[in-house]
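Asks: Okay, here's the structure, questions in a sec.
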Amino acid sequence: LVAHKVGPAIAAGNSVVLKPASQTPLSSFFVAELFAEAGLPDGALNVVTGSGRTVGDKIVTDPRIKAVTFTGSPEVGMEIRSRAGLKRATLELGSNSALIVDRDVDIDEIIARCVISSFSFQGQVCISLQRIYVHEAIYDTFVNKFVETTHKLTIGDPLDERTDLSALISRKDVERTLSWIEEAKQNGAVIATGGTAERNIVLPTVLLGVDPKTKVSCQEAFAPVVLINKVKSVEEAVNYINDSRFGLQAGIYTSNMHNAFSAAKTLHVGGVMLNDTPSFRVDQMPYGGVKDSGMGREGVKYAVEELTEMKLIVINHNITHARQ
């Protein structure tokens with residue numbers, strides 16, 4: 001995330017004040033070291049650590065800062081937007097990214113991708129797959145194969161390349177996640193697997209029949225939790241996805257191109273992935289959301305544009321200048 005912002009900002013000719021998240025500052029220092037080794041002039045990139053309430057607020061309100069680009073919670077993003085005044089603001093905020101699985105899909109071809117999209121980095125990804133809406137004709141088969149594949153994940157040390165899933169960032173997030181799972185259970189959801197924690201590792205959790213009003217459905221879980229609900233049609237699934245405060249990315253698996261393009265047209269999100277999960281991202285695409293998922297777009301070209309002020313220069317060739 002740091003590279004997505006800092007690289008285009010410097011490429012556009014800006015100097016940068018970078019405030020990393022308090023829990024994860026090391027990658028920012030590493031990027032700064034790389035820029036120093038590459039010959040970036042002193043003062044062009046400045047890493048300042050500290051709490052958002054002190055350091056972040058100073059950055060947002062300082063008149064010398066001309067643009068703010070932020071990735072984080074909607075609450076903090078809205079506070080930044082309200083305090084930034086006329087500064088440019090690019091905000092990549094929350095999401096509860098969803099996937100539609102149509103009745104004509106070969107489940108074996110997509111199941112591994114769906115599981116990885118749900119649990120990579122313990123679900124601590126802005127576009128982690130959190131909601132899956134599966135056509136009733138293949139629902140039971142999809143659920144069985146999803147749970148079976150989930151059981152094959154390797155849980156352990158994140159520094160071991162064989163590990164698929166490890167601990168959440170903090171104990172507080174573990175407790176929050178477990179409380180959300182319990183709320184879903186109390187409202188009728190069935191825990192197909194997981195639902196518990198071993199120290200700071202929340203076991204990969206699959207919930208079925210989840211009430212759309214519960215937190216695990218309508219808020220951003222940012223944890224290894226995914227819900228799988230049954231629908232009668234693609235249109236019904238689209239309605240569930242759109243009935244959300246968020247709109248970052250969504251996906252649909254189908255061999256019916258009418259359903260694919262109908263979903264692409266009607267889904268109110270920043271990006272629609274046809275025959276892929278919403279977790280797909282490459283650096284050159286315009287990445288960003290609508291509604292409470294934020295404003296502006298990242299991706300090298302688009303981030304450069306966000307961090308550049310346009311100036312119009314007009315030359316009038318019709319003026320006749322007097323000869324001296």
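In the structure tokens, chains take the letters A, B, ... in the order shown, each chain's residues start at 1, and ligands count up from 1 in the order shown.
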As JSON, numbers by chain, please: the residues near range 12-27 of chain A (cut-off 6 Å, only C-alpha atoms, same-chain neighbours under 5 positions excluded).
Replies: {"A": [44, 45, 46, 47, 48, 49, 304]}
Asks: Would you kindly return, as a VMD selection string, each protein, DNA or RNA residue with an atom no farther than 6 Å from any atom of Val206 in chain A, considering only C-alpha atoms and excluding same-chain residues fewer than 5 positions away?
Replies: chain A and resid 192 to 193 226 to 227
Asks: Convert the current residue selection to file output with C-alpha atoms, as a JSON list (two decimals), in the first residue's frame.
Replies:
[["chain", "number", "residue", "atom", "x", "y", "z"],
["A", 192, "ALA", "CA", -19.60, -24.87, 8.70],
["A", 193, "THR", "CA", -16.01, -24.75, 9.93],
["A", 226, "VAL", "CA", -16.44, -15.69, 4.81],
["A", 227, "LEU", "CA", -20.20, -16.17, 4.49]]
Asks: Show which residues sit within 8 Å of Val202 in chain A, as a list in words. Count only C-alpha atoms, and ignore same-chain residues fewer than 5 positions away.
Replies: Ala167, Leu168, Val174, Thr177, Leu178, Gly194, Gly195, Thr196, Ala197, Ala223 and Pro224 of chain A
Asks: If you run DSSP over the backbone, which residues in range 28-252 of chain A end up alpha helix (DSSP H)? Put them as a VMD selection string.
Replies: chain A and resid 28 to 37 57 to 61 74 to 83 107 to 119 139 to 150 171 to 186 215 to 218 234 to 242
Asks: Which residue gives the smallest distance to Gln219 in chain A among A:Leu40, A:Val269, A:Val68, A:Leu93, with only C-alpha atoms counted?
Replies: A:Leu93
Asks: Which range 165-218 of chain A residues have any atom within 9 Å of an atom of range 242-249 of chain A, and for each, what is the nearest pair of atoms with distance in Å to one decimal, counting only C-alpha atoms, rows sorted by chain and number, as JSON lines?
Replies:
{"residue": "A:Pro212", "atom": "CA", "partner": "A:Asp243", "partner_atom": "CA", "distance": 8.8}
{"residue": "A:Ser217", "atom": "CA", "partner": "A:Ser244", "partner_atom": "CA", "distance": 8.9}
{"residue": "A:Cys218", "atom": "CA", "partner": "A:Ser244", "partner_atom": "CA", "distance": 6.2}
Asks: Would you kindly return, as a PyMOL selection string, each protein, DNA or RNA residue with an atom no farther than 10 Å from any atom of range 285-290 of chain A, considering only C-alpha atoms and excluding same-chain residues fewer than 2 positions away?
Replies: chain A and resi 90-95+245-249+268-271+281-283+292-303
Asks: Deliver the residues from the most recent selection as a file, using N, CA and C atoms, as an mmCIF file, in the first residue's frame.
Replies:
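Written out: out.cif:
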data_model
loop_
_atom_site.group_PDB
_atom_site.id
_atom_site.type_symbol
_atom_site.label_atom_id
_atom_site.label_comp_id
_atom_site.auth_asym_id
_atom_site.auth_seq_id
_atom_site.Cartn_x
_atom_site.Cartn_y
_atom_site.Cartn_z
ATOM 1 N N THR A 90 -7.527 11.365 -1.730
ATOM 2 C CA THR A 90 -7.795 10.048 -2.293
ATOM 3 C C THR A 90 -7.970 9.098 -1.125
ATOM 4 N N LEU A 91 -9.143 8.499 -1.027
ATOM 5 C CA LEU A 91 -9.482 7.690 0.140
ATOM 6 C C LEU A 91 -9.854 6.271 -0.284
ATOM 7 N N GLU A 92 -9.091 5.310 0.189
ATOM 8 C CA GLU A 92 -9.403 3.896 -0.055
ATOM 9 C C GLU A 92 -9.805 3.323 1.295
ATOM 10 N N LEU A 93 -11.108 3.108 1.464
ATOM 11 C CA LEU A 93 -11.652 2.822 2.787
ATOM 12 C C LEU A 93 -12.142 1.375 2.893
ATOM 13 N N GLY A 94 -13.254 1.167 3.560
ATOM 14 C CA GLY A 94 -13.663 -0.197 3.881
ATOM 15 C C GLY A 94 -14.323 -0.937 2.727
ATOM 16 N N SER A 95 -14.557 -2.234 2.967
ATOM 17 C CA SER A 95 -15.217 -3.074 1.970
ATOM 18 C C SER A 95 -15.731 -4.342 2.633
ATOM 19 N N ARG A 245 -23.271 -0.395 2.506
ATOM 20 C CA ARG A 245 -22.676 0.941 2.544
ATOM 21 C C ARG A 245 -21.380 0.983 1.744
ATOM 22 N N PHE A 246 -20.838 -0.200 1.412
ATOM 23 C CA PHE A 246 -19.559 -0.268 0.713
ATOM 24 C C PHE A 246 -19.739 -0.581 -0.761
ATOM 25 N N GLY A 247 -18.705 -0.277 -1.540
ATOM 26 C CA GLY A 247 -18.739 -0.575 -2.970
ATOM 27 C C GLY A 247 -17.350 -0.514 -3.572
ATOM 28 N N LEU A 248 -16.463 -1.405 -3.132
ATOM 29 C CA LEU A 248 -15.096 -1.395 -3.653
ATOM 30 C C LEU A 248 -14.999 -2.273 -4.899
ATOM 31 N N GLN A 249 -15.022 -3.595 -4.736
ATOM 32 C CA GLN A 249 -14.987 -4.486 -5.890
ATOM 33 C C GLN A 249 -15.929 -5.666 -5.654
ATOM 34 N N HIS A 268 -23.118 -1.754 -7.987
ATOM 35 C CA HIS A 268 -22.667 -0.403 -7.631
ATOM 36 C C HIS A 268 -21.362 -0.507 -6.858
ATOM 37 N N VAL A 269 -20.295 -0.737 -7.597
ATOM 38 C CA VAL A 269 -18.964 -0.892 -7.021
ATOM 39 C C VAL A 269 -17.952 -0.214 -7.945
ATOM 40 N N GLY A 270 -16.723 -0.057 -7.454
ATOM 41 C CA GLY A 270 -15.698 0.573 -8.259
ATOM 42 C C GLY A 270 -15.115 -0.332 -9.321
ATOM 43 N N GLY A 271 -15.154 -1.648 -9.101
ATOM 44 C CA GLY A 271 -14.602 -2.585 -10.070
ATOM 45 C C GLY A 271 -15.337 -3.901 -10.045
ATOM 46 N N ARG A 281 -6.278 -7.755 -8.307
ATOM 47 C CA ARG A 281 -5.755 -6.404 -8.466
ATOM 48 C C ARG A 281 -4.381 -6.472 -9.117
ATOM 49 N N VAL A 282 -4.162 -5.628 -10.108
ATOM 50 C CA VAL A 282 -2.839 -5.417 -10.684
ATOM 51 C C VAL A 282 -2.561 -3.923 -10.667
ATOM 52 N N ASP A 283 -1.272 -3.555 -10.692
ATOM 53 C CA ASP A 283 -0.902 -2.168 -10.441
ATOM 54 C C ASP A 283 -1.415 -1.188 -11.484
ATOM 55 N N ASP A 292 -19.172 4.274 0.768
ATOM 56 C CA ASP A 292 -18.257 4.401 1.901
ATOM 57 C C ASP A 292 -16.926 3.702 1.668
ATOM 58 N N SER A 293 -16.726 3.166 0.476
ATOM 59 C CA SER A 293 -15.423 2.571 0.161
ATOM 60 C C SER A 293 -14.415 3.617 -0.300
ATOM 61 N N GLY A 294 -14.849 4.852 -0.456
ATOM 62 C CA GLY A 294 -13.872 5.899 -0.693
ATOM 63 C C GLY A 294 -14.095 6.712 -1.947
ATOM 64 N N MET A 295 -13.032 7.406 -2.340
ATOM 65 C CA MET A 295 -13.085 8.293 -3.495
ATOM 66 C C MET A 295 -11.701 8.383 -4.112
ATOM 67 N N GLY A 296 -11.662 8.589 -5.431
ATOM 68 C CA GLY A 296 -10.396 8.634 -6.136
ATOM 69 C C GLY A 296 -9.973 7.239 -6.575
ATOM 70 N N ARG A 297 -8.899 7.177 -7.359
ATOM 71 C CA ARG A 297 -8.417 5.901 -7.883
ATOM 72 C C ARG A 297 -6.905 5.801 -7.733
ATOM 73 N N GLU A 298 -6.460 4.588 -7.396
ATOM 74 C CA GLU A 298 -5.045 4.262 -7.396
ATOM 75 C C GLU A 298 -4.719 3.411 -8.615
ATOM 76 N N GLY A 299 -3.450 2.955 -8.702
ATOM 77 C CA GLY A 299 -2.931 2.402 -9.934
ATOM 78 C C GLY A 299 -2.013 3.461 -10.512
ATOM 79 N N VAL A 300 -0.843 3.058 -11.013
ATOM 80 C CA VAL A 300 0.234 4.011 -11.281
ATOM 81 C C VAL A 300 -0.242 5.250 -12.037
ATOM 82 N N LYS A 301 -0.839 5.067 -13.217
ATOM 83 C CA LYS A 301 -1.296 6.215 -14.016
ATOM 84 C C LYS A 301 -2.323 7.044 -13.250
ATOM 85 N N TYR A 302 -3.272 6.362 -12.613
ATOM 86 C CA TYR A 302 -4.389 7.059 -11.975
ATOM 87 C C TYR A 302 -3.949 7.747 -10.687
ATOM 88 N N ALA A 303 -3.006 7.143 -9.968
ATOM 89 C CA ALA A 303 -2.477 7.793 -8.770
ATOM 90 C C ALA A 303 -1.676 9.036 -9.132
#
Asks: One decimal, in Å: what's the spacing between CA of Lys66 in chain A and CA of Arg88 in chain A?
Replies: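 Taking CA of Lys66 in chain A as the start and CA of Arg88 in chain A as the end point, the length is 6.6 Å.
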Asks: Go through A:Leu307, A:Leu99, A:Ile111, A:Val143 one by one, measure the shortest atom-to-atom distance of each to Pro278 in chain A using only C-alpha atoms, and give the residue with the smallest value.
Replies: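 The closest residue to Pro278 in chain A is A:Leu99.
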Asks: Nearest to Thr277 in chain A among A:Lys291, A:Arg131, A:Lys265, A:His4, with distances taken over only C-alpha atoms: which residue is it?
Replies: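 For Thr277 in chain A, the nearest of the candidates is A:Arg131.
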Asks: What's the 12 Å shell around Phe35 in chain A, counting only C-alpha atoms, without same-chain residues fewer than 3 positions away, as a PyMOL selection string?
Replies: chain A and resi 3+6-7+10-11+16+28-32+38-47
Asks: Record the distance separating CA of Leu208 in chain A and CA of Lys145 in chain A, expressed in Å with one decimal.
Replies: 13.7 Å
Asks: Smallest atom-to-atom distance to Asp108 in chain A: which of A:Phe280, A:Phe261, A:Phe142, A:Tyr253, using only C-alpha atoms?
Replies: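 Smallest distance to Asp108 in chain A is found for A:Phe142.
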Asks: Between A:Ala263, A:Val115, A:Ala9, A:Ile107, single out the one closest to Glu235 in chain A, counting only C-alpha atoms.
Replies: A:Ala263
Asks: Excluding Trp180 in chain A and its own-chain neighbours fewer than 2 positions away, which residues fall within 8 Å of it when counting only C-alpha atoms? Please give them as a list in words.
Replies: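 Answer for this query is Arg176, Thr177, Leu178, Glu182, Glu183, Ala184, Thr214, Lys215 and Val216 of chain A.
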Asks: Just to be explicit: take each residue in the selection above, keep N, CA, C and O atoms, and write the result as an mmCIF file, in the first residue's frame.
Replies:
data_model
loop_
_atom_site.group_PDB
_atom_site.id
_atom_site.type_symbol
_atom_site.label_atom_id
_atom_site.label_comp_id
_atom_site.auth_asym_id
_atom_site.auth_seq_id
_atom_site.Cartn_x
_atom_site.Cartn_y
_atom_site.Cartn_z
ATOM 1 N N ARG A 176 -12.707 -9.065 18.543
ATOM 2 C CA ARG A 176 -13.777 -8.480 17.726
ATOM 3 C C ARG A 176 -14.320 -9.499 16.739
ATOM 4 O O ARG A 176 -15.545 -9.645 16.588
ATOM 5 N N THR A 177 -13.438 -10.220 16.080
ATOM 6 C CA THR A 177 -13.864 -11.203 15.083
ATOM 7 C C THR A 177 -14.721 -12.289 15.714
ATOM 8 O O THR A 177 -15.778 -12.668 15.172
ATOM 9 N N LEU A 178 -14.295 -12.793 16.852
ATOM 10 C CA LEU A 178 -15.068 -13.844 17.526
ATOM 11 C C LEU A 178 -16.441 -13.332 17.958
ATOM 12 O O LEU A 178 -17.435 -14.071 17.900
ATOM 13 N N GLU A 182 -20.053 -14.821 16.752
ATOM 14 C CA GLU A 182 -21.081 -15.195 17.721
ATOM 15 C C GLU A 182 -22.400 -14.467 17.430
ATOM 16 O O GLU A 182 -23.480 -15.065 17.540
ATOM 17 N N GLU A 183 -22.324 -13.200 17.053
ATOM 18 C CA GLU A 183 -23.535 -12.455 16.701
ATOM 19 C C GLU A 183 -24.242 -13.112 15.515
ATOM 20 O O GLU A 183 -25.469 -13.277 15.522
ATOM 21 N N ALA A 184 -23.465 -13.498 14.493
ATOM 22 C CA ALA A 184 -24.061 -14.162 13.333
ATOM 23 C C ALA A 184 -24.724 -15.476 13.740
ATOM 24 O O ALA A 184 -25.832 -15.797 13.292
ATOM 25 N N THR A 214 -26.307 -8.583 10.105
ATOM 26 C CA THR A 214 -25.264 -8.810 11.100
ATOM 27 C C THR A 214 -23.937 -8.189 10.656
ATOM 28 O O THR A 214 -23.699 -7.956 9.470
ATOM 29 N N LYS A 215 -23.067 -7.924 11.619
ATOM 30 C CA LYS A 215 -21.815 -7.221 11.337
ATOM 31 C C LYS A 215 -20.950 -7.971 10.342
ATOM 32 O O LYS A 215 -20.299 -7.356 9.489
ATOM 33 N N VAL A 216 -20.919 -9.291 10.428
ATOM 34 C CA VAL A 216 -20.037 -10.057 9.548
ATOM 35 C C VAL A 216 -20.464 -9.972 8.088
ATOM 36 O O VAL A 216 -19.691 -10.279 7.181
#
Asks: Could you please write out, as number ranges by chain, every residue of range 181-313 of chain A that DSSP assigns to strand (DSSP E)?
Replies: A: 190-193, 197-198, 201-202, 205-208, 225-231, 246-247, 249-253, 271-274, 290-291, 294-295
Asks: For N, CA, C and O atoms, I'd like the residues from the last selection saved as a CSV table (one decimal), in the first residue's frame.
Replies:
chain,number,residue,atom,x,y,z
A,190,VAL,N,-25.1,-20.7,10.5
A,190,VAL,CA,-24.5,-22.0,10.8
A,190,VAL,C,-23.0,-21.9,10.6
A,190,VAL,O,-22.6,-21.5,9.5
A,191,ILE,N,-22.2,-22.4,11.5
A,191,ILE,CA,-20.8,-22.4,11.4
A,191,ILE,C,-20.4,-23.7,10.7
A,191,ILE,O,-20.4,-24.8,11.3
A,192,ALA,N,-20.0,-23.6,9.4
A,192,ALA,CA,-19.6,-24.9,8.7
A,192,ALA,C,-18.2,-25.3,9.1
A,192,ALA,O,-17.9,-26.5,9.1
A,193,THR,N,-17.3,-24.4,9.4
A,193,THR,CA,-16.0,-24.7,9.9
A,193,THR,C,-15.4,-23.5,10.6
A,193,THR,O,-15.8,-22.4,10.3
A,197,ALA,N,-10.6,-19.6,18.0
A,197,ALA,CA,-9.3,-19.1,17.8
A,197,ALA,C,-8.3,-19.9,18.7
A,197,ALA,O,-8.7,-20.4,19.7
A,198,GLU,N,-7.1,-20.0,18.2
A,198,GLU,CA,-6.0,-20.6,18.9
A,198,GLU,C,-5.0,-19.5,19.1
A,198,GLU,O,-4.3,-19.1,18.2
A,201,ILE,N,-4.6,-16.7,16.4
A,201,ILE,CA,-5.0,-17.3,15.1
A,201,ILE,C,-6.5,-17.6,15.1
A,201,ILE,O,-6.9,-18.5,15.9
A,202,VAL,N,-7.3,-16.8,14.4
A,202,VAL,CA,-8.7,-17.2,14.2
A,202,VAL,C,-8.7,-18.2,13.1
A,202,VAL,O,-8.2,-18.0,12.0
A,205,THR,N,-12.9,-19.4,8.9
A,205,THR,CA,-14.3,-19.6,9.3
A,205,THR,C,-15.3,-19.5,8.1
A,205,THR,O,-15.1,-18.5,7.4
A,206,VAL,N,-16.2,-20.4,8.0
A,206,VAL,CA,-17.2,-20.4,6.9
A,206,VAL,C,-18.5,-20.4,7.6
A,206,VAL,O,-18.9,-21.3,8.4
A,207,LEU,N,-19.3,-19.3,7.3
A,207,LEU,CA,-20.7,-19.2,7.9
A,207,LEU,C,-21.7,-19.4,6.8
A,207,LEU,O,-21.6,-18.8,5.7
A,208,LEU,N,-22.8,-20.0,7.1
A,208,LEU,CA,-23.9,-20.3,6.1
A,208,LEU,C,-25.2,-19.7,6.6
A,208,LEU,O,-25.4,-19.6,7.8
A,225,VAL,N,-12.8,-14.8,7.7
A,225,VAL,CA,-14.2,-15.1,7.9
A,225,VAL,C,-14.9,-14.9,6.5
A,225,VAL,O,-14.8,-13.8,5.9
A,226,VAL,N,-15.7,-15.9,6.0
A,226,VAL,CA,-16.4,-15.7,4.8
A,226,VAL,C,-17.8,-16.3,5.0
A,226,VAL,O,-18.0,-17.3,5.7
A,227,LEU,N,-18.8,-15.6,4.5
A,227,LEU,CA,-20.2,-16.2,4.5
A,227,LEU,C,-20.6,-16.7,3.1
A,227,LEU,O,-20.2,-16.1,2.1
A,228,ILE,N,-21.3,-17.8,3.1
A,228,ILE,CA,-21.8,-18.3,1.8
A,228,ILE,C,-23.4,-18.4,2.0
A,228,ILE,O,-23.9,-19.2,2.8
A,229,ASN,N,-24.1,-17.6,1.2
A,229,ASN,CA,-25.5,-17.6,1.2
A,229,ASN,C,-26.1,-18.1,-0.1
A,229,ASN,O,-25.5,-17.9,-1.2
A,230,LYS,N,-27.3,-18.7,0.0
A,230,LYS,CA,-28.0,-19.2,-1.2
A,230,LYS,C,-28.9,-18.2,-1.8
A,230,LYS,O,-29.6,-17.4,-1.2
A,231,VAL,N,-28.9,-18.1,-3.2
A,231,VAL,CA,-29.8,-17.2,-3.9
A,231,VAL,C,-30.4,-18.0,-5.1
A,231,VAL,O,-30.0,-19.0,-5.5
A,246,PHE,N,-20.8,-0.2,1.4
A,246,PHE,CA,-19.6,-0.3,0.7
A,246,PHE,C,-19.7,-0.6,-0.8
A,246,PHE,O,-20.8,-1.1,-1.2
A,247,GLY,N,-18.7,-0.3,-1.5
A,247,GLY,CA,-18.7,-0.6,-3.0
A,247,GLY,C,-17.3,-0.5,-3.6
A,247,GLY,O,-17.1,0.3,-4.4
A,249,GLN,N,-15.0,-3.6,-4.7
A,249,GLN,CA,-15.0,-4.5,-5.9
A,249,GLN,C,-15.9,-5.7,-5.7
A,249,GLN,O,-16.2,-6.0,-4.5
A,250,ALA,N,-16.4,-6.3,-6.8
A,250,ALA,CA,-17.2,-7.5,-6.7
A,250,ALA,C,-16.8,-8.4,-7.9
A,250,ALA,O,-16.2,-7.9,-8.8
A,251,GLY,N,-17.2,-9.6,-7.8
A,251,GLY,CA,-16.9,-10.6,-8.9
A,251,GLY,C,-18.1,-11.4,-9.2
A,251,GLY,O,-19.1,-11.6,-8.4
A,252,ILE,N,-18.1,-12.1,-10.3
A,252,ILE,CA,-19.1,-13.0,-10.7
A,252,ILE,C,-18.5,-14.1,-11.6
A,252,ILE,O,-17.7,-13.8,-12.5
A,253,TYR,N,-18.8,-15.4,-11.2
A,253,TYR,CA,-18.4,-16.5,-12.0
A,253,TYR,C,-19.7,-17.0,-12.8
A,253,TYR,O,-20.7,-17.3,-12.2
A,271,GLY,N,-15.2,-1.6,-9.1
A,271,GLY,CA,-14.6,-2.6,-10.1
A,271,GLY,C,-15.3,-3.9,-10.0
A,271,GLY,O,-15.7,-4.4,-9.0
A,272,VAL,N,-15.6,-4.5,-11.2
A,272,VAL,CA,-16.3,-5.8,-11.3
A,272,VAL,C,-15.4,-6.7,-12.1
A,272,VAL,O,-14.9,-6.4,-13.1
A,273,MET,N,-15.2,-7.9,-11.4
A,273,MET,CA,-14.3,-8.9,-12.0
A,273,MET,C,-15.2,-10.0,-12.6
A,273,MET,O,-15.9,-10.7,-11.9
A,274,LEU,N,-15.2,-10.1,-13.9
A,274,LEU,CA,-15.9,-11.2,-14.6
A,274,LEU,C,-15.1,-12.5,-14.6
A,274,LEU,O,-14.0,-12.5,-15.1
A,290,VAL,N,-16.7,3.2,-4.5
A,290,VAL,CA,-17.8,4.2,-4.4
A,290,VAL,C,-18.4,4.0,-3.0
A,290,VAL,O,-18.1,3.2,-2.2
A,291,LYS,N,-19.4,4.9,-2.7
A,291,LYS,CA,-20.1,4.9,-1.4
A,291,LYS,C,-19.0,5.0,-0.3
A,291,LYS,O,-18.0,5.8,-0.4
A,294,GLY,N,-14.8,4.9,-0.5
A,294,GLY,CA,-13.9,5.9,-0.7
A,294,GLY,C,-14.1,6.7,-1.9
A,294,GLY,O,-15.2,6.7,-2.6
A,295,MET,N,-13.0,7.4,-2.3
A,295,MET,CA,-13.1,8.3,-3.5
A,295,MET,C,-11.7,8.4,-4.1
A,295,MET,O,-10.7,8.3,-3.4
